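Colleague: Sending over a structure as structure tokens; questions will come in a sec.
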Amino acid sequence: MDLTLHVNGRPETFSAPPNELLVERLRDGLGLTGTKVGCDTGQCGTCVVRLDGKSVKSCLVLTAAAAGSEVTTIEGVTTRGGELTGLQEALRQEHGTQCGFCTPGMVMALGELVDDAEGKDAPTEPEIREWLTGNLCRCTGYHSVVRGVQRACAASAQAAAQVTAPAGQEG
Amino acid sequence: MTAVTGESAVTQEATQTSQARTPREHTVLGLPLDIREDPRLLRGEAMYVGDIDLPRTAHMAILGSPVAHARILSIETKAAEQLPGVLKVATAADFPDVMPLPCIWIPGGVESHFPPHPYGLPGARPVLTGDTVRHVGDAIAVVVAETARQATAALAAIAVEYEPLPVVTRADEALAPGAPRLHEAVPGNLNAYWTCGDKERTDAAIAAAEVTVELDLVNQRTINSPMEPRGAVGDYDATTGEYTLYASTQGPHNHRFLLSALVLGIPFNKLRVIAPTVGGSFGTKGYLYPDMALVLLLSKALGRPVKWVDTRTGLMNSTVQGRDHRQHVTLAGTRDGRITAVRCTSHANLGAYPSTIGPGVATALMGRSISGMYEIPAAFCEVYAVFTNTVPLGAQRGSGRAEAAFLMERLVDRYAREIGMDPAEVRRRNLVPKDRFPYDNGLGWTYDSGDYLPNLDRALELSGYADMPARKAEARTRGKRLGVGLATYVAVCGVGPSTRMSKEGMLGGTWESANIRVHPTGEVTVTVGSASTGQSHGTVFAQVAADELGIDPEQVQVLEGDTRKAPYGQGTYGSRSYSMAGPAVALTARKIKDKLVKAGAVLLGLPEEQVVYAGGRVHERGDEENGKTFSELAMALWYGWGLPPEIEPALDETTHFDPPEFNYPFGSHVAVVEVDELTGETEVVAYTAVDDAGNIGNPRIVHGQIEGSIVHGLGQALMEAAEYDENGILVSRDLGHYALPRAADVPFFTLDKTVTPSPHNPLGAKGAGEIATVPPAAAVVNAVVDALSDLGVRHIDMPLTPEKVWRLLRGGDR
């Protein structure tokens, strides 16, 4: 069956078998290997991408069910070799990676949390940990990732404050 | 010398305290520099095995046995061969010349029984089993097809007829008379009966003791579960006869050696092994597996690259598992808190086959470690290493040492309770004093250096140990039982001295190497034989080289993981890379410096003794202006003009580092838990760890490893277990059935360190990567037993599931 996905802002039209999983289309069909497969059963979160803005586990979504949707993968977050986003930069500063296999899925899942936090109170530590329960990591024990999210939220709150502060009142 | 530092390891500057062997200023070593690997990982650009896509790649799937023990009567593959996309179906009969995967770490000094290998080595599992399956997941056949889906689908069309055989999954039961026998060559399923220490003296001390305590412990089988399942791509080049293997491996050189010489029987120089980015390992990816040989054989047979990537369930059923000891342990002591003896009898479950190094892990690595931080006059450990119908046993983060610390630290707590003394005080009274190093622990290890008391006291202080009674009372007002548990450890690391390891039964050297090549333009390439599985080698080895050479780490590139490019080395395991490859890098940099001084003297027209190397320059002693920079010297040596005959052109040096002894990091951990009276749920509410890994290269890296290691240990204590049913079926076959700690299961930890350099390497380094996995299981079980002690609870087997604790809270069997 022919269908179209909008992947990282580009339309992709292809024919997919009805039982194909979104993660298979992304990795094998479109060569977007930043999305990882860690468990096949929706437990580990290494395959998280964003579907119409919401983070989903792409091993649990049929390609056909995503037809017509906007899909954002880790490749759509930054350009190759390019600058890091605020979240990625915060994770870098806290060394929120080790082997890096869970990292793209974490960035995609946490991106939604950090983006949603803009303009609101930053998520608390328990909220961040709760959000992260969908993503397994065996190297870091999550601490550096949680600190990274806290850092990213603090940085974006600071940036927002600077933008909204009336002229002449900074400092 | 030991320095206790107050800051967290991440933020503090290097605490390079008075290391007498290298009395000089460090410029970049010991600093928490940014991790250069991180941006690529954060952008999802790193290349793991599963991401490799060579032209014309075919895909392999492996048929694993669905039963734990059976004779294979027939295998019918014709139907599978007819399916769409299928290129080849192969069984053991297709590879008559392939040898079994050998075991290279047998228990040293005792009679061992193994299935045979043609070279007279201890074998080994067959690459594909043709006659008997011995565990669920045992590899029987493979399919290669155009796509991975087609290959997997075709597995279902292979018809295998089995004659069931009786199953045994527990080590103690496999030793019983009449138990099912796994291997013809192994009478009674006993691979080895191994001992260390002094049995007579220990038995006598226990018989004469004022106090003895005993425990029966199950150190349950666990699954390391790196997030990346294993994978392999084989690529045979018919024009050169050369094989390339891309694999998720911890030791590309080691795998090259074992596969070429001992399995495939091809010349060493015809096999290249490449470890791309590896998505975690924790011990499991240092082993030889059938798939590594199969992708190479099938690539040759088909004339195409062949790729295999495991599933999570496949990993659970075929990648080595860890721990799995059943132990009876005894401690003897005086009424006033002096430990006089410790004894351990252990049944270790090796699984269905001897894995690459599993038998050594289950014996020496565990047994010689049981006395931990304590000075104990008499100690003895015996291990029955036994085959059963389970997945082969291998290493698991903290392997051997975690099992040892668990039994010792449980015993010390049990003893403290028996004599009515604070567990911290019992520990303080028995620590090896700092003037006793090097210290022979009587079990085979000689500890290099240590200062244990300040380390323990720092952990007690940071955890607020003295305030626990008040916190317990407060918790009870909330329906919680608060418990506190201590655990200390010494972890043998830095494997290691090759001759010493040979006495432990290791078949092969365990040294490490590094090459440094200085380019004409002044940039530097460091190549190491080790290979990262997430330990940021590229950052820390650049720091070592830059520090020695007095140059900017940005000038230094680090390569590893490709046997065609890197010097030999044994790989990353047992927390050895920094204390093995690190010194190799440092010593190589010193060779480079020596040559720069010689060449600099020639170029400056000065006698050598008039020339010094400092700050990345060679200059005249007493006249810093009269000198040459690193880059100028590099270019001059590249041209090679005007050099005397004793100085070769170019700068390219290699060192093979084989230390005189192991190194022995140590530490003290304190777990504070709250047990919910209603639900039996255990929450770790605070965790304090003070670890000592000697001099640290990059505290940011080590800090992260320690945090992750503790969570790994908490996982074993609270939730992880590889469960087999009575038929030998692995019930915990995926991440829905095998629980791993998630972010909400742990609090932030309080971490600190002490620094006691090792005298056995020029960096003063000790192992770090997995050491903090060694004590948490003991600390948490001690804490939960503490929380329930007024109910008469003396021990609880791991994992401490809410159900198990709930039953105890309601008067269950104590």
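Chain labels A, B, ... are given in the sequence in which chains occur in the structure tokens; within each chain residues are numbered consecutively from 1, and ligands are likewise numbered from 1 in the order shown.
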Mind listing as a PyMOL selection string which residues of chain B are within 7 Å of chain A, counting only C-alpha atoms?

Modeller: chain B and resi 38-39+41-45+51+226-229+278-280+311-312+533-535+704-705+707-708+711+735-736+742-744+748

Colleague: Which residues come within 7 Å of B:Asp652, counting only C-alpha atoms, excluding same-chain residues fewer than 6 positions away, as a PyMOL selection string?

Modeller: chain B and resi 516-518

Colleague: Residues within 12 Å of B:Glu646, please, as a ChimeraX atom specification. Count only C-alpha atoms; anything in the same chain fewer than 6 positions from it doesn't count.

Modeller: /B:595,598-599,602,640

Colleague: Which polymer residues have any atom within 9 Å of an atom of B:Leu101, counting only C-alpha atoms, with same-chain residues fewer than 3 positions away left out, as number ranges by chain?

Modeller: B: 117, 123-127, 258-259, 262-263, 288-290, 355-356

Colleague: Interatomic distance between atom CA of B:Glu37 and atom CA of A:Gly111?

Modeller: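 Taking atom CA of B:Glu37 as the start and atom CA of A:Gly111 as the end point, the length is 20.7 Å.
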
Colleague: One decimal, in Å: what's the spacing between atom CA of B:Leu302 and atom CA of B:Tyr236?

Modeller: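 One can read the atom CA of B:Leu302 to atom CA of B:Tyr236 distance as 9.2 Å.
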
Colleague: What's the 7 Å shell around B:Phe657, counting only C-alpha atoms, without same-chain residues fewer than 5 positions away, as a list in words?

Modeller: Trp511, Glu512, Ser513, Met580 and Ala584 of chain B

Colleague: For N, CA and C atoms, I'd like the residues from the last selection saved as a PDB file, in the first residue's frame.

Modeller:
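That gives us result.pdb:
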ATOM      1  N   TRP B 511      48.286  -8.390  28.893  1.00  0.00           N
ATOM      2  CA  TRP B 511      48.899  -7.065  28.855  1.00  0.00           C
ATOM      3  C   TRP B 511      48.060  -6.130  27.991  1.00  0.00           C
ATOM      4  N   GLU B 512      48.501  -4.886  27.897  1.00  0.00           N
ATOM      5  CA  GLU B 512      47.791  -3.923  27.068  1.00  0.00           C
ATOM      6  C   GLU B 512      48.817  -3.044  26.358  1.00  0.00           C
ATOM      7  N   SER B 513      48.435  -2.466  25.237  1.00  0.00           N
ATOM      8  CA  SER B 513      49.433  -1.705  24.494  1.00  0.00           C
ATOM      9  C   SER B 513      48.894  -0.380  23.971  1.00  0.00           C
ATOM     10  N   MET B 580      45.434   0.016  32.596  1.00  0.00           N
ATOM     11  CA  MET B 580      46.279  -0.834  31.750  1.00  0.00           C
ATOM     12  C   MET B 580      46.691  -0.104  30.474  1.00  0.00           C
ATOM     13  N   ALA B 584      50.104   2.418  29.404  1.00  0.00           N
ATOM     14  CA  ALA B 584      50.770   2.165  28.124  1.00  0.00           C
ATOM     15  C   ALA B 584      50.889   3.458  27.319  1.00  0.00           C
TER      16      ALA B 584
END

Colleague: Give the alpha helix (DSSP H) residues of stretch 447-499 of chain B, as assigned by DSSP on the backbone, as a ChimeraX atom specification.

Modeller: /B:452-463,468-476,498-499

Colleague: State, in Å with one decimal place, the distance from atom CA of B:Ser577 to atom CA of B:Gly322.

Modeller: 21.1 Å

Colleague: Excluding B:Val556 and its own-chain neighbours fewer than 4 positions away, which residues fall within 12 Å of it when counting only C-alpha atoms? Please give them as a JSON list (two decimals) with N, CA and C atoms, in the first residue's frame.

Modeller:
[["chain", "number", "residue", "atom", "x", "y", "z"],
["B", 36, "ARG", "N", 34.51, 14.14, 24.59],
["B", 36, "ARG", "CA", 34.47, 14.44, 23.16],
["B", 36, "ARG", "C", 33.54, 13.50, 22.40],
["B", 516, "ILE", "N", 51.85, 5.69, 19.83],
["B", 516, "ILE", "CA", 51.70, 7.13, 19.59],
["B", 516, "ILE", "C", 52.48, 7.48, 18.35],
["B", 517, "ARG", "N", 51.79, 8.13, 17.43],
["B", 517, "ARG", "CA", 52.42, 8.60, 16.21],
["B", 517, "ARG", "C", 52.26, 10.12, 16.17],
["B", 518, "VAL", "N", 53.39, 10.80, 16.11],
["B", 518, "VAL", "CA", 53.33, 12.26, 16.02],
["B", 518, "VAL", "C", 53.46, 12.63, 14.56],
["B", 519, "HIS", "N", 52.50, 13.38, 14.07],
["B", 519, "HIS", "CA", 52.47, 13.73, 12.65],
["B", 519, "HIS", "C", 53.35, 14.95, 12.39],
["B", 521, "THR", "N", 52.88, 17.73, 11.27],
["B", 521, "THR", "CA", 52.26, 19.02, 11.57],
["B", 521, "THR", "C", 52.03, 19.21, 13.06],
["B", 522, "GLY", "N", 52.47, 18.24, 13.86],
["B", 522, "GLY", "CA", 52.37, 18.41, 15.29],
["B", 522, "GLY", "C", 51.14, 17.80, 15.93],
["B", 523, "GLU", "N", 50.20, 17.30, 15.12],
["B", 523, "GLU", "CA", 49.08, 16.59, 15.72],
["B", 523, "GLU", "C", 49.55, 15.19, 16.09],
["B", 524, "VAL", "N", 48.78, 14.59, 16.97],
["B", 524, "VAL", "CA", 49.19, 13.30, 17.54],
["B", 524, "VAL", "C", 48.05, 12.30, 17.41],
["B", 525, "THR", "N", 48.38, 11.09, 17.02],
["B", 525, "THR", "CA", 47.41, 10.01, 17.03],
["B", 525, "THR", "C", 47.84, 8.96, 18.05],
["B", 526, "VAL", "N", 46.94, 8.71, 18.99],
["B", 526, "VAL", "CA", 47.17, 7.66, 19.98],
["B", 526, "VAL", "C", 46.29, 6.48, 19.57],
["B", 527, "THR", "N", 46.88, 5.31, 19.51],
["B", 527, "THR", "CA", 46.09, 4.13, 19.19],
["B", 527, "THR", "C", 46.26, 3.12, 20.31],
["B", 538, "GLY", "N", 38.24, 7.96, 24.12],
["B", 538, "GLY", "CA", 38.78, 8.99, 23.24],
["B", 538, "GLY", "C", 39.13, 10.25, 24.00],
["B", 539, "THR", "N", 38.40, 10.50, 25.06],
["B", 539, "THR", "CA", 38.67, 11.69, 25.87],
["B", 539, "THR", "C", 39.82, 11.44, 26.83],
["B", 540, "VAL", "N", 39.76, 10.35, 27.56],
["B", 540, "VAL", "CA", 40.71, 10.20, 28.67],
["B", 540, "VAL", "C", 42.11, 9.81, 28.17],
["B", 541, "PHE", "N", 42.20, 9.03, 27.11],
["B", 541, "PHE", "CA", 43.54, 8.69, 26.62],
["B", 541, "PHE", "C", 44.20, 9.90, 25.95],
["B", 542, "ALA", "N", 43.39, 10.79, 25.39],
["B", 542, "ALA", "CA", 43.95, 12.05, 24.89],
["B", 542, "ALA", "C", 44.50, 12.86, 26.06],
["B", 543, "GLN", "N", 43.81, 12.82, 27.18],
["B", 543, "GLN", "CA", 44.31, 13.55, 28.35],
["B", 543, "GLN", "C", 45.64, 12.99, 28.84],
["B", 544, "VAL", "N", 45.75, 11.66, 28.84],
["B", 544, "VAL", "CA", 47.00, 11.05, 29.31],
["B", 544, "VAL", "C", 48.15, 11.49, 28.40],
["B", 545, "ALA", "N", 47.95, 11.38, 27.10],
["B", 545, "ALA", "CA", 49.03, 11.71, 26.17],
["B", 545, "ALA", "C", 49.37, 13.19, 26.22],
["B", 546, "ALA", "N", 48.32, 14.03, 26.24],
["B", 546, "ALA", "CA", 48.55, 15.47, 26.25],
["B", 546, "ALA", "C", 49.26, 15.90, 27.53],
["B", 547, "ASP", "N", 48.89, 15.27, 28.62],
["B", 547, "ASP", "CA", 49.50, 15.61, 29.90],
["B", 547, "ASP", "C", 50.99, 15.28, 29.91],
["B", 548, "GLU", "N", 51.32, 14.10, 29.42],
["B", 548, "GLU", "CA", 52.72, 13.70, 29.38],
["B", 548, "GLU", "C", 53.53, 14.59, 28.43],
["B", 549, "LEU", "N", 52.93, 14.88, 27.28],
["B", 549, "LEU", "CA", 53.67, 15.62, 26.26],
["B", 549, "LEU", "C", 53.60, 17.14, 26.44],
["B", 550, "GLY", "N", 52.75, 17.57, 27.36],
["B", 550, "GLY", "CA", 52.62, 19.00, 27.58],
["B", 550, "GLY", "C", 51.97, 19.72, 26.41],
["B", 551, "ILE", "N", 51.05, 19.06, 25.75],
["B", 551, "ILE", "CA", 50.38, 19.68, 24.61],
["B", 551, "ILE", "C", 48.87, 19.77, 24.88],
["B", 552, "ASP", "N", 48.16, 20.40, 23.98],
["B", 552, "ASP", "CA", 46.72, 20.58, 24.10],
["B", 552, "ASP", "C", 46.03, 19.25, 23.75],
["B", 585, "VAL", "N", 49.85, 4.28, 27.36],
["B", 585, "VAL", "CA", 49.90, 5.57, 26.66],
["B", 585, "VAL", "C", 50.96, 6.47, 27.31],
["B", 589, "ALA", "N", 54.32, 7.94, 25.58],
["B", 589, "ALA", "CA", 54.57, 9.38, 25.49],
["B", 589, "ALA", "C", 55.95, 9.71, 26.05]]

Colleague: Would you kindly return, as a list in words, each protein, DNA or RNA residue with an atom no farther than 7 Å from any atom of B:Ala721, considering only C-alpha atoms and excluding same-chain residues fewer than 2 positions away?

Modeller: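 The filter keeps Gln220, Arg221, Thr222, Met719, Glu723, Tyr738 and Pro799 of chain B.
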
Colleague: Write the residues of the selection above to a file with all heavy atoms, as an mmCIF file, in the first residue's frame.

Modeller:
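Written file, part32.cif:
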data_model
loop_
_atom_site.group_PDB
_atom_site.id
_atom_site.type_symbol
_atom_site.label_atom_id
_atom_site.label_comp_id
_atom_site.auth_asym_id
_atom_site.auth_seq_id
_atom_site.Cartn_x
_atom_site.Cartn_y
_atom_site.Cartn_z
ATOM 1 N N GLN B 220 21.604 -14.659 43.135
ATOM 2 C CA GLN B 220 20.791 -15.100 42.002
ATOM 3 C C GLN B 220 21.426 -14.763 40.650
ATOM 4 O O GLN B 220 22.215 -13.842 40.525
ATOM 5 C CB GLN B 220 19.380 -14.495 42.081
ATOM 6 C CG GLN B 220 19.219 -13.092 41.498
ATOM 7 C CD GLN B 220 19.529 -11.991 42.491
ATOM 8 O OE1 GLN B 220 20.340 -12.152 43.402
ATOM 9 N NE2 GLN B 220 18.912 -10.834 42.310
ATOM 10 N N ARG B 221 21.022 -15.536 39.673
ATOM 11 C CA ARG B 221 21.491 -15.306 38.306
ATOM 12 C C ARG B 221 20.888 -14.008 37.764
ATOM 13 O O ARG B 221 19.694 -13.744 37.961
ATOM 14 C CB ARG B 221 21.076 -16.486 37.435
ATOM 15 C CG ARG B 221 21.655 -16.461 36.051
ATOM 16 C CD ARG B 221 21.336 -17.744 35.320
ATOM 17 N NE ARG B 221 22.402 -18.710 35.482
ATOM 18 C CZ ARG B 221 23.127 -19.198 34.454
ATOM 19 N NH1 ARG B 221 22.880 -18.804 33.224
ATOM 20 N NH2 ARG B 221 24.078 -20.068 34.671
ATOM 21 N N THR B 222 21.698 -13.219 37.139
ATOM 22 C CA THR B 222 21.218 -11.942 36.602
ATOM 23 C C THR B 222 21.647 -11.801 35.144
ATOM 24 O O THR B 222 22.499 -12.546 34.663
ATOM 25 C CB THR B 222 21.780 -10.757 37.410
ATOM 26 O OG1 THR B 222 23.209 -10.863 37.421
ATOM 27 C CG2 THR B 222 21.263 -10.761 38.833
ATOM 28 N N MET B 719 15.324 -6.114 42.195
ATOM 29 C CA MET B 719 14.364 -6.568 41.186
ATOM 30 C C MET B 719 14.886 -7.552 40.150
ATOM 31 O O MET B 719 14.089 -8.235 39.528
ATOM 32 C CB MET B 719 13.773 -5.353 40.482
ATOM 33 C CG MET B 719 14.795 -4.482 39.777
ATOM 34 S SD MET B 719 14.077 -2.952 39.117
ATOM 35 C CE MET B 719 14.024 -1.924 40.567
ATOM 36 N N GLU B 723 15.055 -16.105 35.841
ATOM 37 C CA GLU B 723 14.302 -17.225 36.426
ATOM 38 C C GLU B 723 14.084 -18.309 35.373
ATOM 39 O O GLU B 723 13.577 -18.027 34.284
ATOM 40 C CB GLU B 723 12.929 -16.742 36.911
ATOM 41 C CG GLU B 723 12.985 -15.671 37.982
ATOM 42 C CD GLU B 723 13.192 -16.237 39.382
ATOM 43 O OE1 GLU B 723 13.374 -17.469 39.496
ATOM 44 O OE2 GLU B 723 13.196 -15.444 40.340
ATOM 45 N N TYR B 738 11.834 -9.305 32.854
ATOM 46 C CA TYR B 738 13.080 -9.107 33.598
ATOM 47 C C TYR B 738 13.145 -7.626 33.942
ATOM 48 O O TYR B 738 13.256 -6.777 33.057
ATOM 49 C CB TYR B 738 14.291 -9.511 32.740
ATOM 50 C CG TYR B 738 15.590 -9.456 33.513
ATOM 51 C CD1 TYR B 738 16.049 -10.576 34.196
ATOM 52 C CD2 TYR B 738 16.340 -8.282 33.579
ATOM 53 C CE1 TYR B 738 17.233 -10.530 34.918
ATOM 54 C CE2 TYR B 738 17.517 -8.223 34.298
ATOM 55 C CZ TYR B 738 17.961 -9.354 34.961
ATOM 56 O OH TYR B 738 19.124 -9.308 35.683
ATOM 57 N N PRO B 799 15.998 -11.185 44.610
ATOM 58 C CA PRO B 799 15.705 -9.763 44.762
ATOM 59 C C PRO B 799 14.646 -9.532 45.826
ATOM 60 O O PRO B 799 13.766 -10.368 46.020
ATOM 61 C CB PRO B 799 15.193 -9.372 43.366
ATOM 62 C CG PRO B 799 14.612 -10.624 42.800
ATOM 63 C CD PRO B 799 15.412 -11.755 43.370
#

Colleague: Where does DSSP see strand (DSSP E or B) in stretch 405-477 of chain B, if you list the residues as a count of residues only?

Modeller: 5

Colleague: Considering only C-alpha atoms, can you say which of A:Leu30, A:Ala155, A:Leu21, A:Ala66 comes closest to A:Asp115?

Modeller: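 Closest to A:Asp115 of all the choices is A:Ala155.
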
Colleague: I need the residue nearest A:Glu70 from this list: A:Cys47, A:Val23, A:Val7, A:Ala154. Use only C-alpha atoms for the distance.

Modeller: A:Val7
